[in-house]
Amino acid sequence: QTTLKSGGKDPYPDWKAGDPVPYAALCTTFSKIELTTKRLEIVAHCALFLRQVLRLTPEDLLPVVLLMIGKLAADYAGVELGIGESLIMKAIGESTGRNLKTIKEDQQKIGDLGLVAAKSRSNQPTMFKPKPLTVRGIHEGLMKIATVEGQGSQGRKVDGIKKLLSSADTNLAKGQSIDITQDMGGPSEAKFIIRALEGKMRLGLAEKSLQVALAHAMVVHDASKDGKKVPSETDLKKGEEVFKAVYNELPSYEVVVPALLKGGIWNIRDVCKLQPGVPLKPMLAKPTKSIGEVLDRFEGKDFTCEFKYDGERAQIHFVAHDSETEYAAIAAPTEGKSDRGTSNIFSRNSEDLSKKYPDILAKLPTWVKQGTKSFVLDCETVAWDVEKKHVLPFQQLMTRKKKDVKVEDVKVKVCVFAFDLLFLNGEALVNKSFRERRDLMYSAFEEVEGEFSFAKFGNTHEIEEIQTLLEDSIAASCEGLMVKMLDGVESHYEPSRRSQNWLKVKKDYLAGAGDSLDLVVLGAYYGKGKRTSVYGAFHLACYNTATEKYETVCNIGTGFSEAILAELHAALSPLVIDRAKPFYDHSTGKNDQPDVWFEPRFVWEVKTADLTLSPRYRAAASEFGGDGTHKGVSLRFPRFIRVRDDKKAEDATSSRQVAEMYRKQDVGKNAKAGVDDDF
Ligand code: ATP
């Protein structure tokens with residue numbers, strides 16, 4: 001950090017001002033990050049590198065930042081990597097002249113395709129030294145691979161990968177062997193290209209650390225530009241806070257990075273504000289076990305109890321035509337164009353849902369009042385029974401097509417239930433009280449039966465009344481209540497946070513069943529008897545956000561109909577891989593191996609009777625393991641509820657949440673730890 005602050009030595013002396021950022025320099029930074037687990041060191045390596053980018057090639061800052069977090073664009077742009085293993089192996093084989101069988105054998109042995117690629121390249125005779133790779137070249141190449149569509153796209157993807165690999169340096173001497181137990185730790189370009197293609201950098205570099213590093217680099221850069229003395233720790237901290245606040249409201253490096261370059265860090269708050277077209281990460285709720293717990297938490301404060309609708313989270317953005325020029329970022333899907341303006345609809349994951357819900361966008365002008373020029377609305381879309389005029393269970397919504405829906409073909413109608421307003425007529429509302437936001441929401445929209453409603457609510461402290469509201473919500477096919485703080489700072493909208501100020505009370509919790517978990521499918525067992533042609537049971541995991549590993553938590557074989565098993569078999573078969581990925585944390589016991597392993601793609605909602613400590617499973621093992629008998633937390637009697645299409649593998653229930661759930665249940669019940677009866 002001293003070097004960063006004094007602006008002295010550059011870590012990569014060969015790179016001259018104006019040169020495109022060498023990919024090798026980024027890879028060297030990656031390998032330094034990989035070699036440490038200390039967060040401060042990671043931040044310092046990143047900051048030092050970013051500082052050099054700022055000084056020498058600021059125009060490459062955006063692709064540098066994106067590649068550091070393993071992304072090509074903001075989530076709402078819908079560009080995703082995550083190329084399957086088989087395609088990558090084919091490309092490695094073709095670009096290095098090795099046959100697929102050998103590549104597969106290496107993969108069986110090494111288990112890390114990045115290293116397999118590095119090894120394959122190092123064995124290859126090179127006729128001439130390839131032109132050095134650049135960060136912008138890699139970003140462009142990856143973008144092409146990710147976005148190619150249509151006939152022959154697989155072949156073109158392989159070609160794209162080959163092209164990148166053929167110029168990649170392995171940083172290994174010819175024939176040098178790889179220490180598979182240790183990883184080679186070197187800055188191999190081939191290794192990091194493959195990791196980027198797989199959609200997982202596995203550096204231990206959390207996006208939050210990158211943001212801190214970017215803020216630090218900017219503070220130092222701005223100070224040196226102004227000829228000021230070395231910034232203090234307080235300045236660095238302030239820079240972090242400014243960046244965090246801005247990014248929470250406007251989570252798009254495409255917008256924020258150019259603004260940083262143009263106006264510096266200290267002006268960014270004035271230029272970058274929440275704006276329609278860029279989805280915010282939604283605020284999330286904490287589970288509670290009883291109404292009593294709610295009353296304890298919110299004692300002495302005013303709160304409100306809203307129906308918790310059971311559908312899909314949706315963030316609706318709108319800008320009237322006469323205000324459009326104010327918002328550069330708004331990308332208009334054709335579905336979102338109307339006489340009134342441009343609208344978008346985003347998922348919980350910031351994915352664009354406009355092609356799934358063109359019917360909502362078509363009706364939008366009927367419920368937006370005339371004076372409403374721009375807004376961002378937080379809602380739930382729920383299946384709606386047109387004849388009986390009430391909401392339908394979530395399962396109905398599931399039957400809707402996910403893409404390219406035509407308004408005239410829609411069979412399952414949806415109604416939008418709005419519960420929060422984050423932006424209105426040019427002004428961000430996230431830092432206003434919920435009471436004010438709700439009032440503004442009521443003033444800007446009008447209810448249209450079966451199309452748009454406000455979430456039902458009651459403001460009360462009385463336990464009996466809350467109980468009645470809960471029963472009413474269940475009778476209305478809702479899941480329970482969302483209880484929210486009404487006034488003061490505690491009621492502000494907290495993007496991307498699971499907040500204590502939003503509590504969920506579900507019917508199931510009261511029955512003692514606890515919250516459900518959303519788990520990633522890592523493996524499967526072939527069925528027996530009637531089920532031999534499909535998978536009969538599955539190996540599930542939660543996600544450890546700190547180590548970026550999937551930690552196994554149970555096997556599951558209950559809750560599936562025959563039809564669902566057939567569907568799941570068809571969906572999962574193409575994801576089979578030869579062996580567990582290096583970032584799967586699972587038991588290595590001989591009897592604990594599933595018959596097949598999968599790419600980590602599917603997330604399923606699962607209910608459980610309770611949680612127990614287990615000698616076999618690895619969930620939250622870092623917190624509970626260690627006494628030699630217990631390894632991690634596992635689920636008892638897990639039951640499949642539904643596929644969660646709206647969650648990516650990394651949005652699965654986290655190991656920390658699993659640990660929290662385990663601790664929250666009656667400790668006495670777990671005295672007999674170490675049992676796994678999960679089939
Ligand atoms: P997570 O807590 O991880 O979001 P989840 O997606 O399974 O888990 P739930 O536990 O079902 O979510 O609870 C939160 C979700 O409830 C919100 O994301 C939203 O989609 C939905 N919801 C329904 N009604 C409301 C409401 N009135 N206020 C806020 N959220 C609501």
# chains A, B, ... in the order shown; residues from 1 in each chain; ligands from 1

$ residues_near_ligand --ligand "ligand 1" --cutoff "6 Å" --atoms "only C-alpha atoms and all ligand atoms" --output "list of chain:residue names"
A:Leu284, A:Ala285, A:Glu306, A:Phe307, A:Lys308, A:Tyr309, A:Asp310, A:Glu312, A:Arg313, A:Glu380, A:Phe419, A:Ala455, A:Met482

$ residues_around --residues "Lys403 of chain A" --least-positions-apart "6" --cutoff "9 Å" --atoms "only C-alpha atoms" --output "number ranges by chain"
A: 353-357

$ residues_around --residues "Arg642 of chain A" --least-positions-apart "5" --cutoff "9 Å" --atoms "only C-alpha atoms" --output "list in words"
Gln395, Val603, Trp604, Glu605 and Val606 of chain A

$ write_last_selection --atoms "C-alpha atoms" --output "compact mmCIF listing (two decimals), in the first residue's frame"
# COMPACT_ATOMS: atom_id res chain seq x y z
CA GLN A 395 -47.11 -23.44 -9.80
CA VAL A 603 -30.92 -24.31 -8.16
CA TRP A 604 -33.78 -26.11 -6.43
CA GLU A 605 -35.93 -25.06 -3.53
CA VAL A 606 -35.90 -27.73 -0.85

$ closest_residue --among "A:Val271, A:Ile564, A:Ile92, A:Cys27" --to "Val64 of chain A" --atoms "only C-alpha atoms"
A:Cys27

$ closest_residue --among "A:Lys119, A:Lys163, A:Arg195, A:Lys456" --to "Lys131 of chain A" --atoms "only C-alpha atoms"
A:Lys163

$ residues_around --residues "segment 398-402 of chain A" --least-positions-apart "4" --cutoff "12 Å" --atoms "only C-alpha atoms" --output "ChimeraX atom specification"
/A:310-312,347,351-359,381-383,392-394,406-407,409-414,642-646

$ write_last_selection --atoms "C-alpha atoms" --output "mmCIF file, in the first residue's frame"
data_model
loop_
_atom_site.group_PDB
_atom_site.id
_atom_site.type_symbol
_atom_site.label_atom_id
_atom_site.label_comp_id
_atom_site.auth_asym_id
_atom_site.auth_seq_id
_atom_site.Cartn_x
_atom_site.Cartn_y
_atom_site.Cartn_z
ATOM 1 C CA ASP A 310 -46.050 -15.980 -4.117
ATOM 2 C CA GLY A 311 -44.803 -15.226 -7.589
ATOM 3 C CA GLU A 312 -41.676 -13.782 -9.145
ATOM 4 C CA SER A 347 -35.670 -10.165 -12.352
ATOM 5 C CA GLU A 351 -31.918 -10.247 -15.843
ATOM 6 C CA ASP A 352 -34.124 -8.675 -18.450
ATOM 7 C CA LEU A 353 -37.611 -10.219 -18.256
ATOM 8 C CA SER A 354 -39.139 -8.079 -20.997
ATOM 9 C CA LYS A 355 -39.420 -11.056 -23.341
ATOM 10 C CA LYS A 356 -41.142 -13.090 -20.654
ATOM 11 C CA TYR A 357 -43.711 -10.475 -19.684
ATOM 12 C CA PRO A 358 -44.602 -8.436 -22.796
ATOM 13 C CA ASP A 359 -48.221 -8.565 -21.543
ATOM 14 C CA THR A 381 -45.774 -10.825 -10.575
ATOM 15 C CA VAL A 382 -48.425 -13.346 -9.631
ATOM 16 C CA ALA A 383 -50.577 -15.728 -11.694
ATOM 17 C CA LEU A 392 -53.310 -18.424 -8.287
ATOM 18 C CA PRO A 393 -50.556 -20.547 -6.754
ATOM 19 C CA PHE A 394 -46.966 -20.133 -7.870
ATOM 20 C CA LYS A 406 -46.297 -13.254 -27.590
ATOM 21 C CA VAL A 407 -49.013 -11.237 -25.896
ATOM 22 C CA ASP A 409 -50.512 -16.448 -26.831
ATOM 23 C CA VAL A 410 -50.455 -15.792 -23.098
ATOM 24 C CA LYS A 411 -52.534 -18.411 -21.284
ATOM 25 C CA VAL A 412 -51.569 -17.761 -17.678
ATOM 26 C CA LYS A 413 -52.404 -14.167 -16.947
ATOM 27 C CA VAL A 414 -50.376 -12.272 -14.384
ATOM 28 C CA ARG A 642 -39.467 -26.548 -7.139
ATOM 29 C CA VAL A 643 -36.816 -25.488 -9.594
ATOM 30 C CA ARG A 644 -35.677 -21.886 -8.954
ATOM 31 C CA ASP A 645 -35.107 -20.504 -12.430
ATOM 32 C CA ASP A 646 -34.712 -17.013 -11.054
#

$ closest_residue --among "A:Arg55, A:Arg156, A:His45, A:Lys229" --to "Ala17 of chain A" --atoms "only C-alpha atoms"
A:Arg55

$ closest_residue --among "A:Leu61, A:Leu575, A:Leu203, A:Lys109" --to "Phe30 of chain A" --atoms "only C-alpha atoms"
A:Leu203

$ residues_around --residues "Tyr550 of chain A" --least-positions-apart "2" --cutoff "7 Å" --atoms "only C-alpha atoms" --output "CSV table (one decimal) with C-alpha atoms, in the first residue's frame"
chain,number,residue,atom,x,y,z
A,541,ALA,CA,-24.9,-28.1,-2.1
A,542,CYS,CA,-25.0,-24.6,-0.6
A,543,TYR,CA,-22.6,-21.9,-1.7
A,544,ASN,CA,-19.8,-20.5,0.4
A,548,GLU,CA,-16.3,-19.5,-3.7
A,552,THR,CA,-22.5,-30.5,-0.1
A,583,PHE,CA,-14.4,-26.0,-6.3
A,584,TYR,CA,-16.8,-28.7,-5.0
A,585,ASP,CA,-16.3,-29.3,-1.4

$ closest_residue --among "A:Lys71, A:Gly111, A:Gln467, A:Asp60" --to "Arg579 of chain A" --atoms "only C-alpha atoms"
A:Gly111

$ residues_around --residues "Lys337 of chain A" --least-positions-apart "6" --cutoff "9 Å" --atoms "only C-alpha atoms" --output "list of chain:residue names"
A:Ser343, A:Leu361, A:Ala362

$ atom_distance --atom1 "atom CA of Met218 of chain A" --atom2 "atom CA of Ala245 of chain A"
15.3 Å

$ closest_residue --among "A:Pro13, A:Gly84, A:Gly18, A:Gly450" --to "Ile194 of chain A" --atoms "only C-alpha atoms"
A:Gly84

$ decode --residues "segment 454-489 of chain A" --atoms "N, CA and C atoms" --output "PDB file, in the first residue's frame"
ATOM      1  N   PHE A 454     -51.808  -2.660  -5.467  1.00  0.00           N
ATOM      2  CA  PHE A 454     -50.825  -2.426  -4.416  1.00  0.00           C
ATOM      3  C   PHE A 454     -50.889  -3.620  -3.464  1.00  0.00           C
ATOM      4  N   ALA A 455     -49.731  -3.994  -2.901  1.00  0.00           N
ATOM      5  CA  ALA A 455     -49.719  -5.097  -1.940  1.00  0.00           C
ATOM      6  C   ALA A 455     -50.617  -4.732  -0.765  1.00  0.00           C
ATOM      7  N   LYS A 456     -51.468  -5.673  -0.350  1.00  0.00           N
ATOM      8  CA  LYS A 456     -52.363  -5.413   0.802  1.00  0.00           C
ATOM      9  C   LYS A 456     -51.529  -5.314   2.072  1.00  0.00           C
ATOM     10  N   PHE A 457     -51.958  -4.466   2.990  1.00  0.00           N
ATOM     11  CA  PHE A 457     -51.194  -4.354   4.235  1.00  0.00           C
ATOM     12  C   PHE A 457     -52.067  -3.893   5.400  1.00  0.00           C
ATOM     13  N   GLY A 458     -51.535  -4.059   6.584  1.00  0.00           N
ATOM     14  CA  GLY A 458     -52.152  -3.506   7.783  1.00  0.00           C
ATOM     15  C   GLY A 458     -51.052  -2.951   8.663  1.00  0.00           C
ATOM     16  N   ASN A 459     -51.268  -1.769   9.238  1.00  0.00           N
ATOM     17  CA  ASN A 459     -50.275  -1.220  10.174  1.00  0.00           C
ATOM     18  C   ASN A 459     -50.797  -1.455  11.584  1.00  0.00           C
ATOM     19  N   THR A 460     -50.235  -2.405  12.279  1.00  0.00           N
ATOM     20  CA  THR A 460     -50.723  -2.686  13.631  1.00  0.00           C
ATOM     21  C   THR A 460     -49.629  -3.282  14.505  1.00  0.00           C
ATOM     22  N   HIS A 461     -49.789  -3.074  15.821  1.00  0.00           N
ATOM     23  CA  HIS A 461     -48.862  -3.685  16.775  1.00  0.00           C
ATOM     24  C   HIS A 461     -49.515  -4.856  17.501  1.00  0.00           C
ATOM     25  N   GLU A 462     -50.806  -5.024  17.272  1.00  0.00           N
ATOM     26  CA  GLU A 462     -51.558  -6.013  18.062  1.00  0.00           C
ATOM     27  C   GLU A 462     -51.341  -7.415  17.534  1.00  0.00           C
ATOM     28  N   ILE A 463     -50.942  -8.290  18.431  1.00  0.00           N
ATOM     29  CA  ILE A 463     -50.603  -9.646  17.993  1.00  0.00           C
ATOM     30  C   ILE A 463     -51.810 -10.348  17.347  1.00  0.00           C
ATOM     31  N   GLU A 464     -53.017 -10.103  17.907  1.00  0.00           N
ATOM     32  CA  GLU A 464     -54.213 -10.766  17.344  1.00  0.00           C
ATOM     33  C   GLU A 464     -54.464 -10.278  15.919  1.00  0.00           C
ATOM     34  N   GLU A 465     -54.277  -8.954  15.741  1.00  0.00           N
ATOM     35  CA  GLU A 465     -54.539  -8.415  14.400  1.00  0.00           C
ATOM     36  C   GLU A 465     -53.503  -8.934  13.395  1.00  0.00           C
ATOM     37  N   ILE A 466     -52.266  -9.049  13.855  1.00  0.00           N
ATOM     38  CA  ILE A 466     -51.232  -9.576  12.948  1.00  0.00           C
ATOM     39  C   ILE A 466     -51.574 -11.022  12.576  1.00  0.00           C
ATOM     40  N   GLN A 467     -52.025 -11.772  13.595  1.00  0.00           N
ATOM     41  CA  GLN A 467     -52.421 -13.162  13.360  1.00  0.00           C
ATOM     42  C   GLN A 467     -53.539 -13.213  12.308  1.00  0.00           C
ATOM     43  N   THR A 468     -54.530 -12.302  12.440  1.00  0.00           N
ATOM     44  CA  THR A 468     -55.631 -12.285  11.476  1.00  0.00           C
ATOM     45  C   THR A 468     -55.118 -11.946  10.077  1.00  0.00           C
ATOM     46  N   LEU A 469     -54.204 -10.961  10.007  1.00  0.00           N
ATOM     47  CA  LEU A 469     -53.638 -10.602   8.694  1.00  0.00           C
ATOM     48  C   LEU A 469     -52.936 -11.806   8.068  1.00  0.00           C
ATOM     49  N   LEU A 470     -52.213 -12.531   8.912  1.00  0.00           N
ATOM     50  CA  LEU A 470     -51.493 -13.702   8.423  1.00  0.00           C
ATOM     51  C   LEU A 470     -52.482 -14.724   7.861  1.00  0.00           C
ATOM     52  N   GLU A 471     -53.551 -14.968   8.611  1.00  0.00           N
ATOM     53  CA  GLU A 471     -54.553 -15.934   8.134  1.00  0.00           C
ATOM     54  C   GLU A 471     -55.206 -15.451   6.847  1.00  0.00           C
ATOM     55  N   ASP A 472     -55.515 -14.140   6.801  1.00  0.00           N
ATOM     56  CA  ASP A 472     -56.119 -13.590   5.572  1.00  0.00           C
ATOM     57  C   ASP A 472     -55.181 -13.778   4.385  1.00  0.00           C
ATOM     58  N   SER A 473     -53.883 -13.567   4.637  1.00  0.00           N
ATOM     59  CA  SER A 473     -52.934 -13.673   3.523  1.00  0.00           C
ATOM     60  C   SER A 473     -52.902 -15.108   2.998  1.00  0.00           C
ATOM     61  N   ILE A 474     -52.937 -16.067   3.908  1.00  0.00           N
ATOM     62  CA  ILE A 474     -52.920 -17.473   3.473  1.00  0.00           C
ATOM     63  C   ILE A 474     -54.202 -17.782   2.703  1.00  0.00           C
ATOM     64  N   ALA A 475     -55.341 -17.284   3.221  1.00  0.00           N
ATOM     65  CA  ALA A 475     -56.614 -17.518   2.543  1.00  0.00           C
ATOM     66  C   ALA A 475     -56.596 -16.909   1.143  1.00  0.00           C
ATOM     67  N   ALA A 476     -55.781 -15.865   0.961  1.00  0.00           N
ATOM     68  CA  ALA A 476     -55.702 -15.214  -0.359  1.00  0.00           C
ATOM     69  C   ALA A 476     -54.567 -15.824  -1.202  1.00  0.00           C
ATOM     70  N   SER A 477     -54.169 -17.057  -0.888  1.00  0.00           N
ATOM     71  CA  SER A 477     -53.109 -17.781  -1.629  1.00  0.00           C
ATOM     72  C   SER A 477     -51.749 -17.100  -1.558  1.00  0.00           C
ATOM     73  N   CYS A 478     -51.509 -16.344  -0.502  1.00  0.00           N
ATOM     74  CA  CYS A 478     -50.170 -15.774  -0.317  1.00  0.00           C
ATOM     75  C   CYS A 478     -49.370 -16.682   0.615  1.00  0.00           C
ATOM     76  N   GLU A 479     -48.080 -16.370   0.744  1.00  0.00           N
ATOM     77  CA  GLU A 479     -47.201 -17.242   1.529  1.00  0.00           C
ATOM     78  C   GLU A 479     -47.139 -16.861   3.000  1.00  0.00           C
ATOM     79  N   GLY A 480     -47.614 -15.664   3.322  1.00  0.00           N
ATOM     80  CA  GLY A 480     -47.507 -15.178   4.694  1.00  0.00           C
ATOM     81  C   GLY A 480     -47.384 -13.667   4.664  1.00  0.00           C
ATOM     82  N   LEU A 481     -46.572 -13.129   5.577  1.00  0.00           N
ATOM     83  CA  LEU A 481     -46.453 -11.668   5.666  1.00  0.00           C
ATOM     84  C   LEU A 481     -45.004 -11.218   5.494  1.00  0.00           C
ATOM     85  N   MET A 482     -44.855  -9.984   5.012  1.00  0.00           N
ATOM     86  CA  MET A 482     -43.568  -9.298   5.041  1.00  0.00           C
ATOM     87  C   MET A 482     -43.773  -8.144   6.010  1.00  0.00           C
ATOM     88  N   VAL A 483     -42.948  -8.098   7.039  1.00  0.00           N
ATOM     89  CA  VAL A 483     -43.131  -7.046   8.042  1.00  0.00           C
ATOM     90  C   VAL A 483     -41.993  -6.045   7.870  1.00  0.00           C
ATOM     91  N   LYS A 484     -42.343  -4.764   7.735  1.00  0.00           N
ATOM     92  CA  LYS A 484     -41.340  -3.761   7.379  1.00  0.00           C
ATOM     93  C   LYS A 484     -41.427  -2.540   8.286  1.00  0.00           C
ATOM     94  N   MET A 485     -40.276  -2.016   8.598  1.00  0.00           N
ATOM     95  CA  MET A 485     -40.173  -0.779   9.366  1.00  0.00           C
ATOM     96  C   MET A 485     -40.748   0.375   8.528  1.00  0.00           C
ATOM     97  N   LEU A 486     -41.445   1.312   9.191  1.00  0.00           N
ATOM     98  CA  LEU A 486     -42.107   2.382   8.424  1.00  0.00           C
ATOM     99  C   LEU A 486     -41.350   3.712   8.398  1.00  0.00           C
ATOM    100  N   ASP A 487     -40.628   4.026   9.506  1.00  0.00           N
ATOM    101  CA  ASP A 487     -40.069   5.385   9.601  1.00  0.00           C
ATOM    102  C   ASP A 487     -38.564   5.372   9.843  1.00  0.00           C
ATOM    103  N   GLY A 488     -37.972   6.520   9.552  1.00  0.00           N
ATOM    104  CA  GLY A 488     -36.564   6.732   9.906  1.00  0.00           C
ATOM    105  C   GLY A 488     -35.596   5.978   9.009  1.00  0.00           C
ATOM    106  N   VAL A 489     -34.321   6.126   9.364  1.00  0.00           N
ATOM    107  CA  VAL A 489     -33.246   5.536   8.565  1.00  0.00           C
ATOM    108  C   VAL A 489     -33.435   4.026   8.399  1.00  0.00           C
TER     109      VAL A 489
END
